[in-house]
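What follows is upload.txt (compact mmCIF, C-alpha atoms).
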# COMPACT_ATOMS: atom_id res chain seq x y z
CA MET A 422 80.74 -5.46 5.69
CA TRP A 423 77.19 -6.83 5.58
CA SER A 424 75.21 -8.37 2.75
CA ALA A 425 71.98 -7.12 1.21
CA ASP A 426 69.85 -9.68 3.03
CA GLN A 427 71.34 -8.60 6.35
CA ARG A 428 70.83 -4.90 5.63
CA HIS A 429 67.28 -5.34 4.23
CA PRO A 430 66.00 -8.49 5.99
CA ALA A 431 62.29 -7.87 5.29
CA LEU A 432 62.84 -8.39 1.54
CA PHE A 433 64.56 -11.75 1.76
CA ASN A 434 63.02 -15.06 2.78
CA ASP A 435 63.61 -18.79 2.60
CA THR A 436 62.24 -19.00 -0.96
CA MET A 437 65.30 -17.05 -2.09
CA ALA A 438 67.86 -19.73 -1.31
CA ASP A 439 70.85 -17.64 -2.30
CA TYR A 440 70.02 -14.68 -0.09
CA ARG A 441 68.43 -15.86 3.15
CA SER A 442 68.03 -13.39 5.98
CA GLN A 443 70.17 -14.07 9.01
CA SER A 444 70.68 -12.55 12.42
CA VAL A 445 73.60 -10.14 12.53
CA THR A 446 75.13 -7.62 14.90
CA PHE A 447 76.01 -4.39 13.13
CA ASN A 448 79.24 -3.68 14.95
CA TRP A 449 81.98 -2.35 12.69
CA GLU A 450 84.74 -3.14 15.18
CA THR A 451 84.01 -6.84 15.56
CA THR A 452 83.06 -7.23 11.90
CA SER A 453 86.26 -5.63 10.62
CA GLN A 454 88.28 -7.67 13.10
CA ASP A 455 86.65 -10.83 11.72
CA ILE A 456 87.36 -9.70 8.14
CA VAL A 457 91.05 -9.22 8.86
CA ALA A 458 91.26 -12.57 10.65
CA GLU A 459 89.64 -14.23 7.65
CA MET A 460 92.13 -12.50 5.36
CA ASP A 461 95.01 -13.74 7.49
CA GLY A 462 93.77 -17.30 7.23
CA ALA A 463 93.39 -17.08 3.46
CA GLY A 464 96.62 -15.25 2.65
CA VAL A 465 94.86 -12.07 1.52
CA ASP A 466 96.88 -8.88 1.98
CA VAL A 467 94.27 -6.17 1.38
CA SER A 468 90.48 -6.03 1.03
CA VAL A 469 88.31 -3.33 -0.51
CA VAL A 470 85.22 -2.88 1.67
CA ILE A 471 82.13 -1.35 0.08
CA LEU A 472 78.39 -0.92 0.39
CA ALA A 473 75.68 -0.77 -2.24
CA ASP A 474 72.96 1.85 -1.79
CA PHE A 475 69.67 0.02 -2.48
CA ASP A 476 67.32 2.45 -0.73
CA PHE A 477 65.47 3.57 -3.90
CA ARG A 478 64.29 -0.03 -4.50
CA PHE A 479 64.52 -1.76 -1.13
CA GLY A 480 63.61 1.07 1.23
CA ALA A 481 65.59 2.11 4.28
CA PRO A 482 68.18 -0.44 5.50
CA VAL A 483 68.78 -1.42 9.11
CA ILE A 484 71.66 1.07 9.18
CA GLU A 485 71.37 4.35 7.28
CA VAL A 486 73.68 4.48 4.27
CA GLU A 487 75.73 7.43 5.45
CA GLU A 488 76.31 5.79 8.84
CA GLU A 489 77.45 2.56 7.21
CA ASN A 490 79.83 4.52 4.97
CA ARG A 491 81.29 6.06 8.12
CA MET A 492 81.66 2.61 9.68
CA ILE A 493 83.61 1.39 6.66
CA SER A 494 85.89 4.42 6.92
CA LYS A 495 86.42 3.67 10.61
CA ALA A 496 87.39 0.12 9.75
CA ARG A 497 89.86 1.49 7.23
CA ASP A 498 91.35 3.77 9.90
CA ARG A 499 91.62 0.83 12.32
CA TYR A 500 93.38 -1.34 9.72
CA PRO A 501 94.97 1.12 7.24
CA GLU A 502 97.35 -1.49 5.81
CA ARG A 503 94.64 -4.12 5.33
CA ILE A 504 91.34 -2.39 4.47
CA ILE A 505 90.54 0.07 1.68
CA ALA A 506 87.23 1.93 1.87
CA PHE A 507 85.04 2.66 -1.15
CA TYR A 508 82.09 5.03 -0.82
CA GLY A 509 78.63 3.72 -1.75
CA ILE A 510 75.92 6.12 -2.90
CA ASP A 511 72.95 6.18 -5.27
CA PRO A 512 73.30 9.11 -7.73
CA GLN A 513 69.53 9.52 -7.58
CA ARG A 514 70.17 11.25 -4.25
CA THR A 515 70.29 14.97 -5.03
CA ASP A 516 73.36 15.54 -2.86
CA SER A 517 75.27 12.44 -3.95
CA SER A 518 78.27 14.27 -5.45
CA ASP A 519 78.60 16.57 -2.42
CA ARG A 520 78.53 13.58 -0.09
CA PHE A 521 81.10 11.72 -2.14
CA GLU A 522 83.52 14.62 -2.35
CA GLN A 523 83.24 15.21 1.38
CA ALA A 524 83.99 11.53 1.98
CA ILE A 525 87.07 11.70 -0.23
CA LYS A 526 88.35 14.74 1.65
CA THR A 527 87.63 13.56 5.19
CA ASN A 528 86.92 9.83 5.35
CA HIS A 529 89.90 8.29 3.56
CA VAL A 530 87.83 6.65 0.82
CA SER A 531 89.70 5.42 -2.23
CA GLY A 532 86.91 4.74 -4.70
CA LEU A 533 83.20 4.79 -5.51
CA LYS A 534 80.65 1.95 -5.62
CA LEU A 535 77.55 2.26 -7.85
CA HIS A 536 74.71 -0.25 -8.34
CA PRO A 537 72.66 0.89 -11.37
CA THR A 538 70.00 -1.78 -10.79
CA THR A 539 68.20 0.62 -8.43
CA GLY A 540 66.77 2.57 -11.37
CA TYR A 541 69.35 4.61 -13.26
CA TYR A 542 71.58 3.98 -16.22
CA PRO A 543 75.33 4.48 -15.74
CA HIS A 544 75.24 7.00 -18.60
CA ASP A 545 72.49 9.11 -17.00
CA GLU A 546 73.58 12.72 -16.48
CA ILE A 547 72.97 12.43 -12.72
CA CYS A 548 76.01 10.14 -12.57
CA TYR A 549 78.42 12.44 -14.41
CA PRO A 550 79.33 14.71 -11.46
CA LEU A 551 80.41 11.59 -9.57
CA TYR A 552 82.60 10.48 -12.48
CA GLU A 553 84.12 13.95 -12.69
CA LEU A 554 85.10 13.70 -9.04
CA CYS A 555 86.63 10.25 -9.58
CA VAL A 556 88.78 11.62 -12.40
CA ALA A 557 89.70 14.77 -10.47
CA TYR A 558 90.80 12.80 -7.38
CA GLY A 559 92.24 9.85 -9.28
CA VAL A 560 90.01 7.15 -7.78
CA PRO A 561 88.19 4.28 -9.56
CA VAL A 562 84.50 3.47 -9.71
CA LEU A 563 83.30 -0.08 -9.10
CA PHE A 564 80.02 -0.86 -10.86
CA HIS A 565 77.66 -3.75 -10.50
CA SER A 566 77.42 -5.07 -14.05
CA GLY A 567 75.06 -7.82 -15.11
CA PRO A 568 71.61 -9.03 -14.02
CA GLY A 569 70.17 -8.05 -10.67
CA PHE A 570 69.99 -10.57 -7.83
CA HIS A 571 66.51 -9.63 -6.54
CA PRO A 572 63.11 -9.30 -8.26
CA LEU A 573 62.90 -5.61 -7.32
CA LEU A 574 66.16 -4.72 -9.10
CA TYR A 575 66.47 -3.72 -12.76
CA GLY A 576 69.00 -5.87 -14.59
CA ARG A 577 68.64 -3.93 -17.83
CA THR A 578 70.20 -0.77 -16.41
CA ALA A 579 73.40 -2.69 -15.59
CA HIS A 580 73.85 -4.45 -18.93
CA PRO A 581 77.46 -4.01 -20.13
CA LEU A 582 76.30 -2.14 -23.25
CA GLU A 583 74.99 0.63 -21.02
CA PHE A 584 78.54 1.43 -19.89
CA ASP A 585 79.88 2.12 -23.37
CA LYS A 586 78.98 5.82 -23.38
CA VAL A 587 80.50 6.36 -19.93
CA ALA A 588 83.80 4.81 -21.01
CA ALA A 589 83.85 6.99 -24.14
CA ASP A 590 82.88 10.21 -22.35
CA PHE A 591 85.36 9.61 -19.49
CA PRO A 592 88.43 7.90 -20.98
CA ASP A 593 90.44 8.79 -17.85
CA LEU A 594 87.88 7.16 -15.53
CA THR A 595 88.96 3.77 -14.17
CA MET A 596 85.85 1.58 -14.48
CA ILE A 597 85.86 -1.73 -12.59
CA MET A 598 83.09 -3.92 -14.00
CA GLY A 599 81.91 -5.93 -11.01
CA HIS A 600 81.01 -9.56 -11.80
CA ALA A 601 82.47 -9.06 -15.31
CA GLY A 602 78.92 -8.64 -16.58
CA GLY A 603 77.78 -11.92 -15.02
CA ASP A 604 75.67 -13.88 -17.51
CA TRP A 605 76.40 -11.12 -20.02
CA TRP A 606 80.18 -11.53 -19.75
CA TYR A 607 80.66 -11.81 -23.52
CA ASP A 608 79.06 -8.38 -23.99
CA CYS A 609 81.31 -7.03 -21.25
CA VAL A 610 84.35 -8.14 -23.24
CA ALA A 611 82.89 -6.76 -26.46
CA VAL A 612 82.49 -3.30 -24.91
CA ALA A 613 85.82 -3.38 -23.03
CA LYS A 614 87.73 -4.17 -26.22
CA SER A 615 87.17 -0.56 -27.32
CA HIS A 616 87.80 1.00 -23.91
CA GLU A 617 91.08 0.37 -22.11
CA ASN A 618 89.70 2.05 -18.97
CA MET A 619 87.30 -0.87 -18.34
CA TYR A 620 88.40 -3.71 -16.04
CA PRO A 621 86.21 -6.84 -15.73
CA GLU A 622 86.23 -8.19 -12.15
CA PHE A 623 85.29 -11.77 -11.24
CA SER A 624 83.43 -11.47 -7.94
CA GLU A 625 80.40 -13.77 -7.64
CA TRP A 626 81.96 -16.40 -9.95
CA GLN A 627 82.65 -18.89 -7.15
CA ALA A 628 79.89 -21.35 -8.09
CA ILE A 629 80.96 -21.38 -11.74
CA PHE A 630 84.60 -22.09 -10.93
CA ARG A 631 83.52 -24.76 -8.44
CA ASP A 632 80.74 -26.53 -10.36
CA THR A 633 81.79 -26.01 -14.00
CA PRO A 634 85.51 -25.24 -13.79
CA GLU A 635 86.13 -25.76 -17.50
CA GLU A 636 83.57 -23.07 -18.32
CA GLY A 637 85.06 -20.65 -15.79
CA ILE A 638 88.59 -21.20 -17.08
CA ARG A 639 87.40 -20.77 -20.66
CA VAL A 640 85.87 -17.38 -19.83
CA LEU A 641 88.92 -16.21 -17.89
CA ASP A 642 91.25 -17.30 -20.70
CA TYR A 643 89.05 -15.54 -23.27
CA MET A 644 89.18 -12.29 -21.33
CA ILE A 645 92.94 -12.48 -20.83
CA ARG A 646 93.54 -13.14 -24.54
CA ASN A 647 91.16 -10.43 -25.74
CA LEU A 648 91.79 -7.68 -23.17
CA GLY A 649 95.23 -8.48 -21.77
CA SER A 650 96.20 -9.96 -18.43
CA GLU A 651 96.57 -6.44 -17.01
CA ARG A 652 92.83 -5.79 -17.39
CA VAL A 653 91.22 -8.73 -15.55
CA MET A 654 90.68 -8.68 -11.78
CA TRP A 655 89.70 -11.01 -8.97
CA GLY A 656 87.01 -10.28 -6.37
CA SER A 657 84.99 -12.12 -3.73
CA ASP A 658 81.63 -10.29 -3.26
CA PHE A 659 81.67 -11.29 0.40
CA PRO A 660 79.91 -11.68 2.77
CA GLY A 661 77.03 -12.93 0.60
CA LEU A 662 79.19 -15.39 -1.34
CA ARG A 663 80.65 -17.09 1.74
CA LYS A 664 77.75 -19.51 1.36
CA GLU A 665 79.34 -20.71 -1.89
CA MET A 666 82.97 -20.96 -0.83
CA SER A 667 85.25 -19.80 1.96
CA LEU A 668 87.79 -17.11 1.20
CA LYS A 669 90.65 -19.52 1.80
CA SER A 670 89.16 -22.09 -0.57
CA PHE A 671 88.48 -19.53 -3.29
CA VAL A 672 92.00 -18.09 -3.11
CA SER A 673 93.49 -21.58 -3.19
CA LEU A 674 91.34 -22.55 -6.18
CA CYS A 675 92.37 -19.45 -8.12
CA GLN A 676 96.06 -19.93 -7.32
CA ASN A 677 95.72 -23.34 -8.96
CA PHE A 678 94.32 -21.93 -12.20
CA PRO A 679 97.52 -22.45 -14.25
CA SER A 680 97.42 -26.22 -13.70
CA LEU A 681 93.62 -26.29 -14.01
CA ALA A 682 93.85 -24.42 -17.31
CA LYS A 683 96.39 -26.91 -18.62
CA LYS A 684 94.03 -29.74 -17.72
CA TYR A 685 91.36 -28.25 -19.98
CA GLY A 686 93.67 -27.32 -22.84
CA PHE A 687 94.27 -23.65 -22.01
CA ALA A 688 97.50 -21.85 -21.14
CA ILE A 689 97.25 -19.39 -18.25
CA SER A 690 100.59 -18.54 -16.66
CA SER A 691 101.45 -18.00 -13.01
CA ALA A 692 102.34 -14.37 -13.83
CA GLU A 693 98.88 -13.84 -15.33
CA ILE A 694 97.23 -15.27 -12.23
CA ASP A 695 99.42 -13.09 -9.99
CA ALA A 696 98.14 -10.05 -11.91
CA PHE A 697 94.57 -11.37 -11.67
CA LEU A 698 94.75 -12.03 -7.93
CA GLY A 699 96.20 -8.70 -6.90
CA GLY A 700 98.77 -7.11 -9.16
CA ASN A 701 96.22 -5.27 -11.26
CA ALA A 702 94.25 -4.08 -8.25
CA ALA A 703 97.45 -2.90 -6.56
CA ARG A 704 98.30 -0.84 -9.63
CA ILE A 705 94.83 0.68 -9.95
CA LEU A 706 94.70 1.53 -6.25
CA ASN A 707 98.27 2.89 -6.17
CA LEU A 708 99.41 0.39 -3.55
CA ALA A 709 103.07 -0.27 -2.88
Would you write the structure of this file as C-alpha cells?
Amino acid sequence: MWSADQRHPALFNDTMADYRSQSVTFNWETTSQDIVAEMDGAGVDVSVVILADFDFRFGAPVIEVEEENRMISKARDRYPERIIAFYGIDPQRTDSSDRFEQAIKTNHVSGLKLHPTTGYYPHDEICYPLYELCVAYGVPVLFHSGPGFHPLLYGRTAHPLEFDKVAADFPDLTMIMGHAGGDWWYDCVAVAKSHENMYPEFSEWQAIFRDTPEEGIRVLDYMIRNLGSERVMWGSDFPGLRKEMSLKSFVSLCQNFPSLAKKYGFAISSAEIDAFLGGNAARILNLA
C-alpha cells in the first residue's frame, strides 16, 4: 500500500533518486480505493497487496508492522474480489510464526511476504516454521530475490543460490521469486531448473522493458524456454515503481510482448503472455 521511502522517510533523501521521500496520508480506505481505481483504468482484475518488514535494518516505520498488516486485510475485506492480502513479517521476530498463523485464521491472508535482506538467509532455521505453515495451509511465499535497494540492506542473503536448500527441503512450498533475482536473474533460472516449486516474478523490471526492450524480451524468452510458460509471472512492485511507468502503460507494454518479441527475433505467443500476466498467478492463488 505504501513504499519503503514512505514508511521509513528518515532513511531516504534526494541523493537516492529512485526512492525519494514523499508526503503521504496513511489511510487504508482512500489508498485501497485509489488502488482499485488504478486497476480499473489499467484493466487489472486482481492485485496482491503486501508489506515488507524492514524494522531490523531500518528501525520502526511510521505505522507499526502489525497495524499495517491489519490495514491490508481490511482493504481485502472491502474489495474481496479485487484485492488479495499477503502477510509481511520478519522471521527474526520470535513470535513470527504465531502471528502469521493467527493472520491466516482470522485476517483472510492468502500468502506470506519475506525480505531476507534484513539479515537472515531464507534457509535459516528461523524461517522453517513459516514455511511449514505455508505448506499446511496451502498458501505461497513471495520472496524478495536479488540485490537490496538501500545501503543498509544485505543483498547477499537474497541471492538466488540461497533459496536452493529451501526449495529442496520444502518441495510442496510454492516459492514466488520476486524480481526474478534482479541482476542475478540467470542464477535464479539455474536454481529454478531443479525445483518446479520456484516461480520467477518480474516486478521491478519496468525500466529494463522500457529502456532496453530487447534485453528484457531476451530474458523473458529465456525463462519461458528453460522453465516453461507456466512458471513465469508478472508483477508491478507498486507504489515505488510508479515513478518508472504507470500501471496502464506497463500492462499495455506487456500485452504487446508477442509482437515486440517478433521484432527482436524471438517467438513469444499470446497464450504465453496470458499465462505470464495472470493465468499462472490465478492458478497459484486458486482463483476462479
So which residues touch region 537-552 of chain A within 10 Å, counting only C-alpha atoms, skipping near sequence neighbours fewer than 2 positions away, as a PDB file with C-alpha atoms, in the frame of the given file?
ATOM      1  CA  ALA A 473      75.680  -0.770  -2.240  1.00  0.00           C
ATOM      2  CA  ASP A 474      72.960   1.850  -1.790  1.00  0.00           C
ATOM      3  CA  PHE A 475      69.670   0.020  -2.480  1.00  0.00           C
ATOM      4  CA  ASP A 476      67.320   2.450  -0.730  1.00  0.00           C
ATOM      5  CA  PHE A 477      65.470   3.570  -3.900  1.00  0.00           C
ATOM      6  CA  ARG A 478      64.290  -0.030  -4.500  1.00  0.00           C
ATOM      7  CA  PHE A 479      64.520  -1.760  -1.130  1.00  0.00           C
ATOM      8  CA  ILE A 510      75.920   6.120  -2.900  1.00  0.00           C
ATOM      9  CA  ASP A 511      72.950   6.180  -5.270  1.00  0.00           C
ATOM     10  CA  PRO A 512      73.300   9.110  -7.730  1.00  0.00           C
ATOM     11  CA  GLN A 513      69.530   9.520  -7.580  1.00  0.00           C
ATOM     12  CA  ARG A 514      70.170  11.250  -4.250  1.00  0.00           C
ATOM     13  CA  THR A 515      70.290  14.970  -5.030  1.00  0.00           C
ATOM     14  CA  SER A 517      75.270  12.440  -3.950  1.00  0.00           C
ATOM     15  CA  SER A 518      78.270  14.270  -5.450  1.00  0.00           C
ATOM     16  CA  ASP A 519      78.600  16.570  -2.420  1.00  0.00           C
ATOM     17  CA  ARG A 520      78.530  13.580  -0.090  1.00  0.00           C
ATOM     18  CA  PHE A 521      81.100  11.720  -2.140  1.00  0.00           C
ATOM     19  CA  GLU A 522      83.520  14.620  -2.350  1.00  0.00           C
ATOM     20  CA  LEU A 533      83.200   4.790  -5.510  1.00  0.00           C
ATOM     21  CA  LYS A 534      80.650   1.950  -5.620  1.00  0.00           C
ATOM     22  CA  LEU A 535      77.550   2.260  -7.850  1.00  0.00           C
ATOM     23  CA  LEU A 554      85.100  13.700  -9.040  1.00  0.00           C
ATOM     24  CA  CYS A 555      86.630  10.250  -9.580  1.00  0.00           C
ATOM     25  CA  VAL A 556      88.780  11.620 -12.400  1.00  0.00           C
ATOM     26  CA  ALA A 557      89.700  14.770 -10.470  1.00  0.00           C
ATOM     27  CA  TYR A 558      90.800  12.800  -7.380  1.00  0.00           C
ATOM     28  CA  VAL A 560      90.010   7.150  -7.780  1.00  0.00           C
ATOM     29  CA  PRO A 561      88.190   4.280  -9.560  1.00  0.00           C
ATOM     30  CA  VAL A 562      84.500   3.470  -9.710  1.00  0.00           C
ATOM     31  CA  PHE A 564      80.020  -0.860 -10.860  1.00  0.00           C
ATOM     32  CA  HIS A 565      77.660  -3.750 -10.500  1.00  0.00           C
ATOM     33  CA  SER A 566      77.420  -5.070 -14.050  1.00  0.00           C
ATOM     34  CA  GLY A 567      75.060  -7.820 -15.110  1.00  0.00           C
ATOM     35  CA  PRO A 568      71.610  -9.030 -14.020  1.00  0.00           C
ATOM     36  CA  GLY A 569      70.170  -8.050 -10.670  1.00  0.00           C
ATOM     37  CA  PHE A 570      69.990 -10.570  -7.830  1.00  0.00           C
ATOM     38  CA  HIS A 571      66.510  -9.630  -6.540  1.00  0.00           C
ATOM     39  CA  LEU A 573      62.900  -5.610  -7.320  1.00  0.00           C
ATOM     40  CA  LEU A 574      66.160  -4.720  -9.100  1.00  0.00           C
ATOM     41  CA  TYR A 575      66.470  -3.720 -12.760  1.00  0.00           C
ATOM     42  CA  GLY A 576      69.000  -5.870 -14.590  1.00  0.00           C
ATOM     43  CA  ARG A 577      68.640  -3.930 -17.830  1.00  0.00           C
ATOM     44  CA  THR A 578      70.200  -0.770 -16.410  1.00  0.00           C
ATOM     45  CA  ALA A 579      73.400  -2.690 -15.590  1.00  0.00           C
ATOM     46  CA  HIS A 580      73.850  -4.450 -18.930  1.00  0.00           C
ATOM     47  CA  PRO A 581      77.460  -4.010 -20.130  1.00  0.00           C
ATOM     48  CA  GLU A 583      74.990   0.630 -21.020  1.00  0.00           C
ATOM     49  CA  PHE A 584      78.540   1.430 -19.890  1.00  0.00           C
ATOM     50  CA  ASP A 585      79.880   2.120 -23.370  1.00  0.00           C
ATOM     51  CA  LYS A 586      78.980   5.820 -23.380  1.00  0.00           C
ATOM     52  CA  VAL A 587      80.500   6.360 -19.930  1.00  0.00           C
ATOM     53  CA  ALA A 588      83.800   4.810 -21.010  1.00  0.00           C
ATOM     54  CA  ASP A 590      82.880  10.210 -22.350  1.00  0.00           C
ATOM     55  CA  PHE A 591      85.360   9.610 -19.490  1.00  0.00           C
ATOM     56  CA  ASP A 593      90.440   8.790 -17.850  1.00  0.00           C
ATOM     57  CA  LEU A 594      87.880   7.160 -15.530  1.00  0.00           C
ATOM     58  CA  THR A 595      88.960   3.770 -14.170  1.00  0.00           C
ATOM     59  CA  MET A 596      85.850   1.580 -14.480  1.00  0.00           C
TER      60      MET A 596
END
Subject >> Pick from A:Ala496, A:Ala703, A:Ala589, A:Ala425, whichever lies nearest to Val483 (chain A) using all atoms listed in the file >> reply: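 Looking at the shortest contact to Val483 (chain A), the residue is A:Ala425.
Across A:Met666, A:Met644, A:Ala702, A:Met422, the tightest approach to Val612 (chain A) is made by A:Met644 when counting all atoms listed in the file.
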Original post:
Closest to Ser657 (chain A) among A:Asp461, A:Asp604, A:Asp642, A:Glu622, using all atoms listed in the file?
Top reply: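 Using all atoms listed in the file, the shortest distance to Ser657 (chain A) belongs to A:Glu622.
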Subject >> Nearest residue to Pro679 (chain A) from the set A:Gly700, A:Ile638, A:Arg652, A:Glu459 (distances using only C-alpha atoms) >> reply: A:Ile638
Subject >> Counting only C-alpha atoms, the residue of A:Gly480, A:Pro660, A:Asn677, A:Val470 that sits nearest Gly509 (chain A) >> reply: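 Residue with the minimum atom-to-atom distance to Gly509 (chain A): A:Val470.
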Original post:
Which residue, A:Ile597, A:Ile484, A:Lys664, A:Val469, has the smallest gap to His616 (chain A) when you use all atoms listed in the file?
Top reply: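 Closest to His616 (chain A), using all atoms listed in the file: A:Ile597.
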Subject >> Pairwise distance for CA of Glu636 (chain A) and CA of Ala601 (chain A), rounded to one decimal in Å >> reply: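 Pair CA of Glu636 (chain A) / CA of Ala601 (chain A) returns 14.4 Å.
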Original post:
What gap, in Å, lies between CA of Cys609 (chain A) and CA of Ile694 (chain A)?
Top reply: 20.1 Å
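Pairwise distance (CA of Arg503 (chain A), CA of Val467 (chain A)) equals 4.5 Å.
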Subject >> Contact residues around Thr451 (chain A) with only C-alpha atoms at 12 Å, ignoring same-chain residues under 4 positions, as a ChimeraX atom specification >> reply: /A:422,445-447,455-458,492,495-496,499
Subject >> Exercise: Glu651 (chain A) partners within 10 Å, all atoms listed in the file, chain neighbours under 3 positions left out, as a PyMOL selection string >> reply: chain A and resi 620+645+648+654+693+696-697+700-702+704
Could you write out that same residue set with C-alpha atoms as a PDB file, keeping the file's coordinate frame?
ATOM      1  CA  TYR A 620      88.400  -3.710 -16.040  1.00  0.00           C
ATOM      2  CA  ILE A 645      92.940 -12.480 -20.830  1.00  0.00           C
ATOM      3  CA  LEU A 648      91.790  -7.680 -23.170  1.00  0.00           C
ATOM      4  CA  MET A 654      90.680  -8.680 -11.780  1.00  0.00           C
ATOM      5  CA  GLU A 693      98.880 -13.840 -15.330  1.00  0.00           C
ATOM      6  CA  ALA A 696      98.140 -10.050 -11.910  1.00  0.00           C
ATOM      7  CA  PHE A 697      94.570 -11.370 -11.670  1.00  0.00           C
ATOM      8  CA  GLY A 700      98.770  -7.110  -9.160  1.00  0.00           C
ATOM      9  CA  ASN A 701      96.220  -5.270 -11.260  1.00  0.00           C
ATOM     10  CA  ALA A 702      94.250  -4.080  -8.250  1.00  0.00           C
ATOM     11  CA  ARG A 704      98.300  -0.840  -9.630  1.00  0.00           C
TER      12      ARG A 704
END
Subject >> Surrounding residues of Glu502 (chain A) excluding itself and chain neighbours under 6 positions, 10 Å, only C-alpha atoms, as a list in words >> reply: Asp466, Val467, Ser468 and Leu708 of chain A
